>>> print(open('entry_6.cif').read())   # mmCIF, C-alpha atoms
data_structure
loop_
_atom_site.label_atom_id
_atom_site.label_comp_id
_atom_site.auth_asym_id
_atom_site.auth_seq_id
_atom_site.Cartn_x
_atom_site.Cartn_y
_atom_site.Cartn_z
CA MET A 383 114.79 132.92 54.96
CA LYS A 384 111.70 134.45 56.50
CA LYS A 385 109.77 133.53 53.39
CA LEU A 386 110.90 129.93 53.71
CA TYR A 387 109.55 129.75 57.28
CA HIS A 388 106.34 131.26 55.99
CA TYR A 389 105.78 128.21 53.81
CA LEU A 390 107.37 125.67 56.10
CA SER A 391 105.55 126.30 59.36
CA PRO A 392 102.00 125.57 58.14
CA LEU A 393 103.31 122.38 56.54
CA LEU A 394 105.05 121.42 59.76
CA ILE A 395 101.91 122.07 61.81
CA LEU A 396 99.89 119.96 59.40
CA ALA A 397 102.39 117.10 59.54
CA LEU A 398 102.44 117.11 63.33
CA MET A 399 98.64 117.13 63.48
CA LEU A 400 98.34 114.24 61.05
CA GLY A 401 101.02 112.35 62.90
CA SER A 402 99.12 112.58 66.16
CA LEU A 403 95.72 111.70 64.69
CA PRO A 404 95.89 107.88 64.68
CA VAL A 405 96.85 107.87 68.35
CA VAL A 406 93.83 109.93 69.36
CA ALA A 407 91.51 107.96 67.12
CA ALA A 408 92.71 104.55 68.33
CA PRO A 409 90.13 103.81 71.11
CA ALA A 410 86.47 103.31 70.05
CA PRO A 411 86.51 101.35 66.78
CA ALA A 412 83.18 102.32 65.18
CA GLY A 413 80.77 99.43 64.93
CA GLY A 414 83.39 96.82 65.74
CA MET A 415 83.83 94.48 68.68
CA ILE A 416 85.58 95.57 71.84
CA THR A 417 88.96 93.86 72.10
CA THR A 418 90.04 92.09 75.24
CA GLN A 419 92.89 94.57 75.74
CA GLU A 420 90.48 97.54 75.56
CA ALA A 421 88.09 95.92 78.00
CA LEU A 422 90.91 95.05 80.42
CA ALA A 423 92.27 98.60 80.22
CA ALA A 424 88.77 99.97 80.90
CA GLU A 425 88.34 97.61 83.86
CA ARG A 426 91.53 99.02 85.36
CA SER A 427 89.97 102.46 84.77
CA GLN A 428 92.84 103.46 82.55
CA SER A 429 92.02 106.76 80.86
CA ASP A 430 92.55 107.53 77.17
CA ARG A 431 95.25 109.91 78.24
CA GLU A 432 97.23 107.13 79.91
CA ARG A 433 96.90 105.01 76.81
CA ILE A 434 98.26 107.79 74.61
CA HIS A 435 101.03 108.14 77.14
CA ALA A 436 101.80 104.43 76.70
CA VAL A 437 102.15 104.89 72.94
CA LEU A 438 104.57 107.76 73.46
CA ALA A 439 106.47 105.70 76.05
CA ARG A 440 107.34 103.17 73.37
CA ASP A 441 109.11 105.84 71.30
CA ASP A 442 111.01 106.84 74.39
CA VAL A 443 112.08 103.25 75.13
CA ARG A 444 113.17 102.82 71.51
CA GLU A 445 115.52 105.81 71.83
CA GLN A 446 116.84 104.74 75.22
CA LEU A 447 117.62 101.20 74.06
CA VAL A 448 119.59 102.52 71.09
CA ALA A 449 121.44 104.85 73.46
CA GLN A 450 122.22 101.84 75.68
CA GLY A 451 123.94 100.11 72.78
CA VAL A 452 121.21 97.76 71.57
CA ASP A 453 121.46 96.94 67.85
CA PRO A 454 118.96 99.29 66.10
CA ALA A 455 117.81 96.37 63.94
CA GLU A 456 116.68 94.55 67.11
CA VAL A 457 115.09 97.51 68.90
CA GLU A 458 111.78 97.46 67.03
CA ALA A 459 111.04 93.81 67.83
CA ARG A 460 112.12 94.25 71.45
CA VAL A 461 109.82 97.21 72.01
CA ALA A 462 106.92 95.46 70.27
CA ALA A 463 107.11 92.56 72.73
CA LEU A 464 106.61 94.82 75.79
CA SER A 465 103.19 95.32 77.34
CA ASP A 466 101.97 98.90 77.79
CA ALA A 467 102.73 98.84 81.51
CA GLU A 468 106.24 97.48 80.93
CA ALA A 469 106.95 100.08 78.24
CA ALA A 470 105.85 102.88 80.58
CA GLN A 471 108.01 101.46 83.38
CA MET A 472 111.07 101.27 81.13
CA ALA A 473 110.55 104.73 79.67
CA GLU A 474 110.59 106.12 83.19
CA ARG A 475 113.56 104.37 84.70
CA LEU A 476 115.55 102.11 82.39
CA ASP A 477 118.82 103.54 83.70
CA GLN A 478 118.03 102.73 87.35
CA MET A 479 116.30 99.37 86.92
CA PRO A 480 117.98 96.33 88.39
CA ALA A 481 119.73 94.59 85.51
CA GLY A 482 120.63 90.98 86.18
CA ALA A 483 124.33 90.64 85.45
CA SER A 484 125.95 88.94 88.44
CA VAL A 485 129.28 90.77 88.34
CA VAL A 486 130.59 92.60 91.40
CA GLY A 487 131.47 96.21 90.79
CA ALA A 488 132.41 97.00 94.37
CA LEU A 489 135.53 98.18 96.15
CA PHE A 490 137.92 96.28 98.36
CA ALA A 491 136.45 97.60 101.62
CA VAL A 492 133.14 96.24 100.49
CA PHE A 493 134.77 92.91 99.73
CA VAL A 494 135.46 92.35 103.44
CA ILE A 495 131.93 93.23 104.53
CA LEU A 496 130.42 91.00 101.86
CA LEU A 497 132.76 88.20 102.85
CA VAL A 498 131.43 88.35 106.41
CA THR A 499 127.79 88.55 105.31
CA ASP A 500 128.46 85.63 102.96
CA ILE A 501 129.75 83.55 105.85
CA LEU A 502 126.68 84.51 107.87
CA GLY A 503 124.53 83.23 105.02
CA LEU A 504 122.99 86.59 104.20
CA THR A 505 124.54 87.05 100.79
CA ASN A 506 125.96 84.81 98.08
CA VAL A 507 128.74 86.76 96.39
CA TYR A 508 131.71 84.42 96.75
CA PRO A 509 131.19 80.76 95.87
CA PHE A 510 134.09 79.61 98.12
CA THR A 511 132.25 80.59 101.33
CA ARG A 512 129.80 77.72 100.99
CA MET B 161 148.28 125.18 109.66
CA ILE B 162 149.67 124.57 113.11
CA ASP B 163 146.62 126.16 114.70
CA CYS B 164 144.38 123.63 113.08
CA LEU B 165 146.36 120.71 114.43
CA SER B 166 146.78 122.04 117.94
CA GLY B 167 143.02 122.26 118.32
CA GLN B 168 142.80 118.49 117.96
CA PRO B 169 144.02 116.48 120.96
CA THR B 170 144.54 112.73 120.58
CA SER B 171 140.84 112.05 120.66
CA ASN B 172 140.78 109.13 118.19
CA ARG B 173 142.51 106.72 120.53
CA ASN B 174 139.32 104.80 121.24
CA ALA B 175 137.90 104.86 117.73
CA ARG B 176 138.94 101.35 116.71
CA PRO B 177 137.16 99.34 119.44
CA ALA B 178 134.09 101.50 118.91
CA GLY B 179 134.18 100.83 115.19
CA VAL B 180 134.53 97.10 115.69
CA LEU B 181 131.64 97.17 118.14
CA ALA B 182 129.48 99.07 115.63
CA LEU B 183 130.32 96.59 112.89
CA VAL B 184 129.48 93.60 115.10
CA LEU B 185 126.18 95.21 116.11
CA LEU B 186 125.36 95.94 112.48
CA LEU B 187 126.04 92.35 111.46
CA LEU B 188 123.99 91.00 114.35
CA LEU B 189 121.17 93.28 113.27
CA LEU B 190 121.43 92.02 109.68
CA ALA B 191 121.62 88.42 110.84
CA GLY B 192 118.53 88.95 112.95
CA CYS B 193 116.61 90.02 109.87
CA ALA B 194 117.33 86.89 107.88
CA THR B 195 115.79 83.66 109.10
CA THR B 196 114.94 80.41 107.39
CA PRO B 197 111.55 80.94 105.73
CA ARG B 198 108.81 78.95 107.44
CA LEU B 199 106.41 77.13 105.17
CA ASP B 200 102.76 77.12 106.11
CA ASP B 201 101.41 73.68 107.00
CA ALA B 202 98.91 73.55 104.15
CA THR B 203 101.68 73.91 101.54
CA ARG B 204 104.01 71.56 103.37
CA SER B 205 101.44 68.76 103.29
CA ALA B 206 100.30 69.52 99.72
CA ILE B 207 103.68 69.33 97.98
CA ALA B 208 106.10 66.43 97.53
CA PRO B 209 108.98 66.36 100.06
CA ARG B 210 111.59 66.32 97.27
CA VAL B 211 111.34 67.58 93.72
CA LEU B 212 113.91 67.79 90.95
CA ILE B 213 112.96 68.66 87.39
CA ASP B 214 115.53 66.36 85.83
CA ASP B 215 115.02 66.98 82.10
CA MET B 216 116.22 70.54 82.56
CA PRO B 217 118.94 71.66 80.11
CA PHE B 218 121.82 73.70 81.53
CA HIS B 219 123.69 76.61 79.97
CA GLY B 220 126.47 78.27 81.91
CA GLN B 221 126.46 82.03 81.73
CA ARG B 222 129.17 84.07 80.07
CA ASP B 223 130.05 87.55 81.38
CA TYR B 224 126.95 89.44 82.48
CA GLN B 225 124.66 87.04 80.64
CA CYS B 226 122.72 85.24 83.34
CA GLY B 227 119.51 86.68 81.80
CA PRO B 228 119.85 85.11 78.33
CA ALA B 229 121.24 81.88 79.87
CA SER B 230 118.27 81.53 82.26
CA LEU B 231 115.79 82.24 79.47
CA THR B 232 117.45 79.69 77.19
CA MET B 233 117.07 76.99 79.82
CA VAL B 234 113.36 77.55 80.49
CA LEU B 235 112.46 78.07 76.82
CA GLN B 236 114.32 74.93 75.74
CA HIS B 237 112.58 73.02 78.54
CA ASP B 238 109.28 74.26 77.03
CA GLY B 239 110.31 72.92 73.63
CA VAL B 240 111.33 76.20 71.98
CA ALA B 241 114.22 75.73 69.54
CA THR B 242 116.55 78.52 70.60
CA ASP B 243 120.01 79.06 72.10
CA VAL B 244 121.94 81.62 74.12
CA ASP B 245 123.41 83.32 71.04
CA THR B 246 119.94 83.91 69.62
CA LEU B 247 118.60 85.33 72.87
CA ILE B 248 121.48 87.68 73.75
CA PRO B 249 120.53 90.34 71.15
CA GLN B 250 116.86 89.94 72.17
CA VAL B 251 117.22 90.67 75.87
CA PHE B 252 120.71 91.88 76.79
CA THR B 253 121.26 95.64 77.14
CA PRO B 254 124.95 96.49 76.64
CA GLY B 255 124.73 99.94 78.28
CA ARG B 256 123.37 98.40 81.49
CA GLU B 257 125.64 95.36 81.23
CA GLY B 258 122.65 93.20 82.08
CA SER B 259 119.04 92.36 81.32
CA VAL B 260 116.07 94.20 82.85
CA GLN B 261 112.94 92.48 84.16
CA PRO B 262 110.35 93.78 81.62
CA GLU B 263 112.53 92.61 78.77
CA MET B 264 112.95 89.16 80.31
CA LEU B 265 109.14 88.82 80.16
CA ALA B 266 108.92 90.39 76.68
CA THR B 267 111.49 87.93 75.30
CA VAL B 268 109.43 84.99 76.58
CA ARG B 269 106.43 86.44 74.70
CA ARG B 270 108.45 86.92 71.54
CA ASN B 271 109.33 83.23 71.65
CA GLY B 272 105.70 82.14 71.79
CA ARG B 273 105.48 81.32 75.50
CA ILE B 274 103.49 83.16 78.17
CA PRO B 275 105.41 84.66 81.10
CA PHE B 276 103.44 84.55 84.36
CA VAL B 277 104.95 86.56 87.20
CA ILE B 278 104.10 84.50 90.27
CA GLU B 279 103.27 85.79 93.72
CA GLY B 280 106.51 86.44 95.64
CA ARG B 281 106.13 83.86 98.42
CA PHE B 282 108.22 80.84 99.25
CA GLU B 283 105.12 78.62 99.19
CA THR B 284 104.28 79.74 95.66
CA LEU B 285 107.79 79.02 94.44
CA LEU B 286 107.79 75.49 95.85
CA SER B 287 104.26 74.77 94.60
CA GLU B 288 105.28 75.68 91.04
CA LEU B 289 108.34 73.42 91.26
CA ASP B 290 106.07 70.67 92.62
CA ALA B 291 103.87 71.15 89.52
CA GLY B 292 106.94 70.61 87.32
CA HIS B 293 107.41 74.24 86.28
CA PRO B 294 110.99 75.58 86.42
CA VAL B 295 110.96 79.10 87.92
CA VAL B 296 113.20 81.98 86.85
CA VAL B 297 114.09 83.96 89.97
CA MET B 298 115.80 87.30 90.40
CA GLN B 299 118.22 87.61 93.31
CA ASN B 300 120.42 90.31 94.69
CA LEU B 301 123.37 88.17 95.78
CA SER B 302 124.98 91.12 97.56
CA LEU B 303 123.69 93.80 99.93
CA PRO B 304 121.27 96.54 98.85
CA ALA B 305 124.03 99.19 98.89
CA TRP B 306 126.22 97.29 96.38
CA PRO B 307 123.69 95.27 94.43
CA LEU B 308 124.69 92.18 92.49
CA TRP B 309 121.60 91.35 90.48
CA HIS B 310 121.36 87.83 89.22
CA TYR B 311 118.89 85.58 87.39
CA ALA B 312 118.83 81.87 88.07
CA VAL B 313 116.45 78.99 87.36
CA ALA B 314 115.01 77.08 90.32
CA ILE B 315 114.59 73.43 89.32
CA GLY B 316 113.88 71.61 92.58
CA TYR B 317 113.99 71.51 96.37
CA ASP B 318 114.38 69.22 99.34
CA LEU B 319 112.18 69.98 102.36
CA GLN B 320 114.16 67.67 104.65
CA GLU B 321 117.52 69.28 103.88
CA GLU B 322 115.87 72.71 103.50
CA THR B 323 117.68 73.33 100.24
CA LEU B 324 116.64 74.78 96.93
CA ILE B 325 118.22 73.42 93.73
CA LEU B 326 119.13 75.93 91.03
CA HIS B 327 120.85 76.17 87.68
CA SER B 328 122.77 79.32 88.50
CA GLY B 329 125.70 81.08 86.87
CA MET B 330 128.30 78.48 85.91
CA GLU B 331 126.93 75.83 88.24
CA ALA B 332 124.33 73.22 87.30
CA GLY B 333 122.10 71.89 90.07
CA ARG B 334 123.61 74.09 92.79
CA LYS B 335 122.13 73.51 96.25
CA GLU B 336 121.36 76.63 98.27
CA SER B 337 119.95 76.61 101.78
CA PHE B 338 116.41 78.00 102.06
CA LYS B 339 117.78 80.65 104.40
CA ARG B 340 120.51 81.96 102.12
CA PHE B 341 118.32 81.77 99.06
CA ASP B 342 115.45 83.61 100.68
CA ALA B 343 117.76 86.36 101.96
CA THR B 344 119.02 87.02 98.43
CA TRP B 345 115.61 86.56 96.78
CA ALA B 346 113.88 88.94 99.22
CA ARG B 347 116.12 91.77 97.96
CA SER B 348 114.43 91.64 94.54
CA ASP B 349 111.02 91.76 96.31
CA ARG B 350 110.88 88.03 95.57
CA TRP B 351 110.49 88.47 91.83
CA ALA B 352 109.94 85.24 89.91
CA PHE B 353 108.16 83.99 86.83
CA VAL B 354 107.32 80.81 84.96
CA ALA B 355 107.19 80.56 81.15
CA LEU B 356 104.48 78.23 79.85
CA PRO B 357 103.07 77.29 76.46
CA PRO B 358 99.56 78.72 75.78
CA GLY B 359 97.06 76.32 77.33
CA GLU B 360 99.07 75.64 80.50
CA LEU B 361 98.57 77.74 83.62
CA PRO B 362 100.78 78.07 86.70
CA ALA B 363 99.61 76.02 89.67
CA THR B 364 99.28 79.09 91.86
CA ILE B 365 98.19 81.95 89.62
CA GLY B 366 95.20 84.15 90.53
CA ALA B 367 92.56 85.11 87.96
CA GLU B 368 93.61 88.77 87.74
CA ALA B 369 97.31 88.07 87.23
CA ALA B 370 96.54 85.41 84.63
CA LEU B 371 94.20 87.76 82.73
CA GLN B 372 96.93 90.35 82.58
CA ALA B 373 99.59 87.87 81.46
CA ILE B 374 97.43 86.29 78.75
CA GLY B 375 96.10 89.68 77.60
CA ASP B 376 99.67 91.00 77.23
CA PHE B 377 100.71 87.86 75.34
CA GLU B 378 97.72 88.22 73.01
CA GLY B 379 98.70 91.84 72.32
CA VAL B 380 102.08 90.62 71.02
CA GLN B 381 101.32 87.25 69.41
CA GLY B 382 97.69 87.72 68.32
CA SER B 383 94.41 86.10 69.32
CA GLU B 384 94.82 82.76 67.64
CA ALA B 385 98.08 82.05 69.44
CA ALA B 386 96.42 82.97 72.75
CA LEU B 387 93.26 80.90 72.17
CA PRO B 388 94.39 77.78 74.12
CA ALA B 389 95.35 80.01 77.05
CA TRP B 390 91.91 81.59 77.17
CA GLU B 391 90.30 78.13 76.99
CA ALA B 392 92.41 77.03 79.95
CA LEU B 393 91.69 80.18 81.95
CA ALA B 394 87.91 80.02 81.39
CA ALA B 395 87.99 76.36 82.47
CA ARG B 396 90.05 77.16 85.61
CA TYR B 397 87.92 80.19 86.58
CA PRO B 398 84.39 79.49 85.26
CA HIS B 399 82.93 82.38 87.28
CA ASN B 400 85.32 85.00 85.91
CA ALA B 401 83.51 87.06 83.27
CA MET B 402 86.66 88.54 81.72
CA ALA B 403 88.12 85.07 81.13
CA HIS B 404 85.04 84.10 79.09
CA PHE B 405 85.13 87.47 77.35
CA GLY B 406 88.75 86.96 76.29
CA LEU B 407 87.88 83.46 75.12
CA GLY B 408 85.00 84.86 73.04
CA ASN B 409 87.26 87.35 71.27
CA ALA B 410 89.94 84.73 70.60
CA ARG B 411 87.39 82.28 69.20
CA HIS B 412 85.88 85.03 67.07
CA ALA B 413 89.33 85.89 65.68
CA ALA B 414 89.87 82.22 64.88
CA GLY B 415 86.60 82.19 62.90
CA ASP B 416 84.59 80.15 65.42
CA LEU B 417 81.43 82.29 65.54
CA GLU B 418 79.20 79.85 67.44
CA GLY B 419 81.97 79.25 69.99
CA ALA B 420 82.39 82.99 70.40
CA ILE B 421 78.65 83.47 70.97
CA SER B 422 78.61 80.83 73.70
CA ALA B 423 81.68 82.36 75.41
CA PHE B 424 80.26 85.92 75.31
CA GLY B 425 77.00 84.49 76.68
CA ASN B 426 78.92 82.93 79.58
CA ALA B 427 80.72 86.24 80.19
CA ALA B 428 77.46 88.18 80.32
CA ALA B 429 75.94 85.54 82.61
CA ALA B 430 78.93 85.67 84.97
CA ASN B 431 78.78 89.47 85.22
CA GLU B 432 75.54 91.05 83.99
CA SER B 433 76.97 94.56 84.20
CA LEU B 434 79.90 93.83 81.86
CA ALA B 435 78.81 95.98 78.92
CA PRO B 436 81.49 94.82 76.41
CA ALA B 437 80.25 91.23 76.87
CA TRP B 438 76.67 92.15 75.89
CA LEU B 439 77.92 94.34 73.05
CA ASN B 440 80.19 91.69 71.54
CA LEU B 441 77.50 89.04 72.10
CA GLY B 442 75.04 91.20 70.15
CA LEU B 443 77.50 91.84 67.30
CA ALA B 444 78.39 88.14 67.07
CA LEU B 445 74.70 87.14 67.02
CA GLU B 446 74.10 89.76 64.33
CA ALA B 447 76.93 88.28 62.25
CA ALA B 448 75.36 84.82 62.70
CA GLY B 449 72.04 86.17 61.37
CA ARG B 450 70.20 85.78 64.69
CA ARG B 451 68.63 89.24 64.64
CA ALA B 452 66.08 88.97 67.46
CA GLU B 453 68.65 87.68 69.97
CA ALA B 454 71.16 90.29 68.74
CA LEU B 455 68.64 93.08 69.41
CA GLU B 456 68.07 91.76 72.92
CA ALA B 457 71.78 91.64 73.74
CA LEU B 458 72.51 95.08 72.28
CA THR B 459 69.59 96.54 74.25
CA ARG B 460 71.20 95.20 77.43
CA ALA B 461 74.52 96.74 76.39
CA ALA B 462 73.01 100.12 75.53
CA ALA B 463 71.27 100.27 78.92
CA LEU B 464 74.55 100.04 80.84
CA PRO B 465 76.24 103.37 81.63
CA GLY B 466 79.95 103.71 81.01
CA ARG B 467 82.49 104.29 78.31
CA TRP B 468 80.95 101.81 75.83
CA GLN B 469 77.38 103.15 76.05
CA SER B 470 77.44 105.43 73.00
CA HIS B 471 79.17 102.70 71.02
CA SER B 472 76.43 100.22 72.01
CA ARG B 473 73.67 102.66 71.14
CA GLU B 474 75.11 103.18 67.66
CA ALA B 475 75.24 99.43 67.09
CA LEU B 476 71.66 99.07 68.33
CA GLU B 477 70.38 101.87 66.11
CA ARG B 478 72.13 100.43 63.10
CA LEU B 479 70.53 97.03 63.67
CA SER B 480 67.05 98.48 64.43
CA GLU B 481 66.87 100.38 61.14
#
>>> encode(input="entry_6.cif", output="structure tokens")
Amino acid sequence: MKKLYHYLSPLLILALMLGSLPVVAAPAPAGGMITTQEALAAERSQSDRERIHAVLARDDVREQLVAQGVDPAEVEARVAALSDAEAAQMAERLDQMPAGASVVGALFAVFVILLVTDILGLTNVYPFTR
Amino acid sequence: MIDCLSGQPTSNRNARPAGVLALVLLLLLLAGCATTPRLDDATRSAIAPRVLIDDMPFHGQRDYQCGPASLTMVLQHDGVATDVDTLIPQVFTPGREGSVQPEMLATVRRNGRIPFVIEGRFETLLSELDAGHPVVVMQNLSLPAWPLWHYAVAIGYDLQEETLILHSGMEAGRKESFKRFDATWARSDRWAFVALPPGELPATIGAEAALQAIGDFEGVQGSEAALPAWEALAARYPHNAMAHFGLGNARHAAGDLEGAISAFGNAAAANESLAPAWLNLGLALEAAGRRAEALEALTRAAALPGRWQSHSREALERLSE
């Protein structure tokens, strides 16, 4: 077993290093034009570190969406359509974000309070109050 | 056991009136916070007194699916061939039993339209409706403690009646008083967006917000799809260097080298310290075979300190050899 690790660990280290290379090498395309996205990111004084963070955030969002029951076949296209800032936001707090659903999940005591606030025109939970 | 009870005399006799009083005070406090939004005079005189976008398709929501339903309505209004069943797997998150804001915007991008988050003010909302743009709004129909998040599409208003007209939930063309709407909209920090085809801009958008929205769209759909949007932005904000810069890159990607050179030139003229503009101008001139002008532009780029300086110097050295 120990012998197996002996061979495996250098391979693993190599694979991890190679895997992380394209991310680090992404900014500064040699000799090429600066893209609008790079220039905008630089204008907002976004550091390389934040940009690498954004790449990692996408992996995180991918996992979270699958965990939230999204069809794995759809996840890739959904993550690709997010901007860097949106991906970072979702990676951080997908489970607490407001999710538009319009279904009440509240208790009966709350029903009475909401009924009164509805009548006062502060909320809009029950259509029959209008 | 008995000891515990004997220590408590009948002290809760007066609790009910006190509770009622507290509740009334709380409601008065809440009512005091919500007032009918007042429009500033400039907006009131600039927009039509009544607006209704009448060619607006309606799709009633099924359980939890106000997000996909709202998106279907605005996308179909924009001429995208799609329906609720196509959009549900694109935006709905089963685990959250709803759709989150970033994914609402991302789905618009996926369908070839640009989502512009507009400034959260009542004036902005009405101005967009006046310009004929339906607005997707996020509301919390309930109180902050028991949120009831909801997406709806604003399609018109009536200043005289002080009502907003929305396609919302199962109800087409529902009228909501400005006061009630604003109270529920304020709880989402007045979040709202319009979805427009590339080339059209919101009536109220600022240069920075538009740059961000178009840049994000370009990142997903590519430069050629974004080209009309950059053209429109550079025309709307002729003094904004980044708008011209984005236009230059999009034209370059579309194979229009001379157009790209003129746009990069405008960008560098609008902001002489924008190093990427000089750099891309130089590289485009080099590609067009105009070596002397390319050298001049790259020299300007290489003289500017910042993150692109070494990159510019390399390009300059390569051309000077």
>>> resolve_selection(input="entry_6.cif", expression="the PyMOL selection byres ((chain A) within 8 of (chain B))", output="PyMOL selection string")
chain A and resi 410+412-419+421-422+447+449-453+456+460+462-465+468-469+472+476-477+479-488+496+499+502-507
>>> resolve_selection(input="entry_6.cif", expression="the PyMOL selection byres ((chain B and resi 333) around 10)", output="list in words")
Leu212, Asp214, Met216, Phe218, Val313, Ala314, Ile315, Gly316, Leu324, Ile325, Leu326, His327, Ser328, Met330, Glu331, Ala332, Arg334, Lys335 and Glu336 of chain B
>>> residues_around(input="entry_6.cif", residues="Leu199 in chain B", least_positions_apart="4", cutoff="8 Å", atoms="only C-alpha atoms", output="PyMOL selection string")
chain B and resi 203-204+282-283
>>> closest_residue(input="entry_6.cif", among="A:Glu420, A:Arg426, A:Ala473, A:Arg431", to="Glu445 in chain A", atoms="only C-alpha atoms")
A:Ala473
>>> atom_distance(input="entry_6.cif", atom1="CA of Val297 in chain B", atom2="CA of Trp351 in chain B")
6.1 Å
>>> residues_around(input="entry_6.cif", residues="range 352-368 of chain B", least_positions_apart="4", cutoff="6 Å", atoms="only C-alpha atoms", output="list of chain:residue names")
B:Arg273, B:Ile274, B:Pro275, B:Phe276, B:Val277, B:Ile278, B:Glu288, B:Val295, B:Val296, B:Val297, B:Pro388, B:Ala389, B:Ala392
>>> write_last_selection(input="entry_6.cif", atoms="C-alpha atoms", output="PDB file, keeping the file's coordinate frame")
ATOM      1  CA  ARG B 273     105.480  81.320  75.500  1.00  0.00           C
ATOM      2  CA  ILE B 274     103.490  83.160  78.170  1.00  0.00           C
ATOM      3  CA  PRO B 275     105.410  84.660  81.100  1.00  0.00           C
ATOM      4  CA  PHE B 276     103.440  84.550  84.360  1.00  0.00           C
ATOM      5  CA  VAL B 277     104.950  86.560  87.200  1.00  0.00           C
ATOM      6  CA  ILE B 278     104.100  84.500  90.270  1.00  0.00           C
ATOM      7  CA  GLU B 288     105.280  75.680  91.040  1.00  0.00           C
ATOM      8  CA  VAL B 295     110.960  79.100  87.920  1.00  0.00           C
ATOM      9  CA  VAL B 296     113.200  81.980  86.850  1.00  0.00           C
ATOM     10  CA  VAL B 297     114.090  83.960  89.970  1.00  0.00           C
ATOM     11  CA  PRO B 388      94.390  77.780  74.120  1.00  0.00           C
ATOM     12  CA  ALA B 389      95.350  80.010  77.050  1.00  0.00           C
ATOM     13  CA  ALA B 392      92.410  77.030  79.950  1.00  0.00           C
TER      14      ALA B 392
END
>>> decode(input="entry_6.cif", residues="range 367-397 of chain B", atoms="C-alpha atoms", output="PDB file, in the first residue's frame")
ATOM      1  CA  ALA B 367     -23.199  54.549 -18.857  1.00  0.00           C
ATOM      2  CA  GLU B 368     -21.597  52.401 -16.148  1.00  0.00           C
ATOM      3  CA  ALA B 369     -24.572  50.093 -15.680  1.00  0.00           C
ATOM      4  CA  ALA B 370     -24.964  49.697 -19.439  1.00  0.00           C
ATOM      5  CA  LEU B 371     -21.264  48.870 -19.875  1.00  0.00           C
ATOM      6  CA  GLN B 372     -21.569  46.163 -17.266  1.00  0.00           C
ATOM      7  CA  ALA B 373     -24.748  44.710 -18.773  1.00  0.00           C
ATOM      8  CA  ILE B 374     -23.423  44.659 -22.337  1.00  0.00           C
ATOM      9  CA  GLY B 375     -20.000  43.374 -21.229  1.00  0.00           C
ATOM     10  CA  ASP B 376     -21.654  40.489 -19.349  1.00  0.00           C
ATOM     11  CA  PHE B 377     -23.859  39.700 -22.348  1.00  0.00           C
ATOM     12  CA  GLU B 378     -20.816  39.695 -24.635  1.00  0.00           C
ATOM     13  CA  GLY B 379     -19.053  37.266 -22.282  1.00  0.00           C
ATOM     14  CA  VAL B 380     -21.910  34.784 -22.798  1.00  0.00           C
ATOM     15  CA  GLN B 381     -23.034  35.353 -26.390  1.00  0.00           C
ATOM     16  CA  GLY B 382     -19.802  36.570 -28.021  1.00  0.00           C
ATOM     17  CA  SER B 383     -18.718  39.838 -29.604  1.00  0.00           C
ATOM     18  CA  GLU B 384     -20.653  39.646 -32.825  1.00  0.00           C
ATOM     19  CA  ALA B 385     -23.971  39.240 -31.028  1.00  0.00           C
ATOM     20  CA  ALA B 386     -23.108  42.236 -28.828  1.00  0.00           C
ATOM     21  CA  LEU B 387     -21.955  44.492 -31.699  1.00  0.00           C
ATOM     22  CA  PRO B 388     -25.287  46.368 -32.178  1.00  0.00           C
ATOM     23  CA  ALA B 389     -25.396  47.039 -28.426  1.00  0.00           C
ATOM     24  CA  TRP B 390     -21.933  48.590 -28.458  1.00  0.00           C
ATOM     25  CA  GLU B 391     -22.899  50.713 -31.483  1.00  0.00           C
ATOM     26  CA  ALA B 392     -25.950  51.966 -29.600  1.00  0.00           C
ATOM     27  CA  LEU B 393     -23.996  52.640 -26.408  1.00  0.00           C
ATOM     28  CA  ALA B 394     -21.211  54.561 -28.172  1.00  0.00           C
ATOM     29  CA  ALA B 395     -23.869  56.648 -29.946  1.00  0.00           C
ATOM     30  CA  ARG B 396     -25.728  57.347 -26.655  1.00  0.00           C
ATOM     31  CA  TYR B 397     -22.545  58.175 -24.697  1.00  0.00           C
TER      32      TYR B 397
END
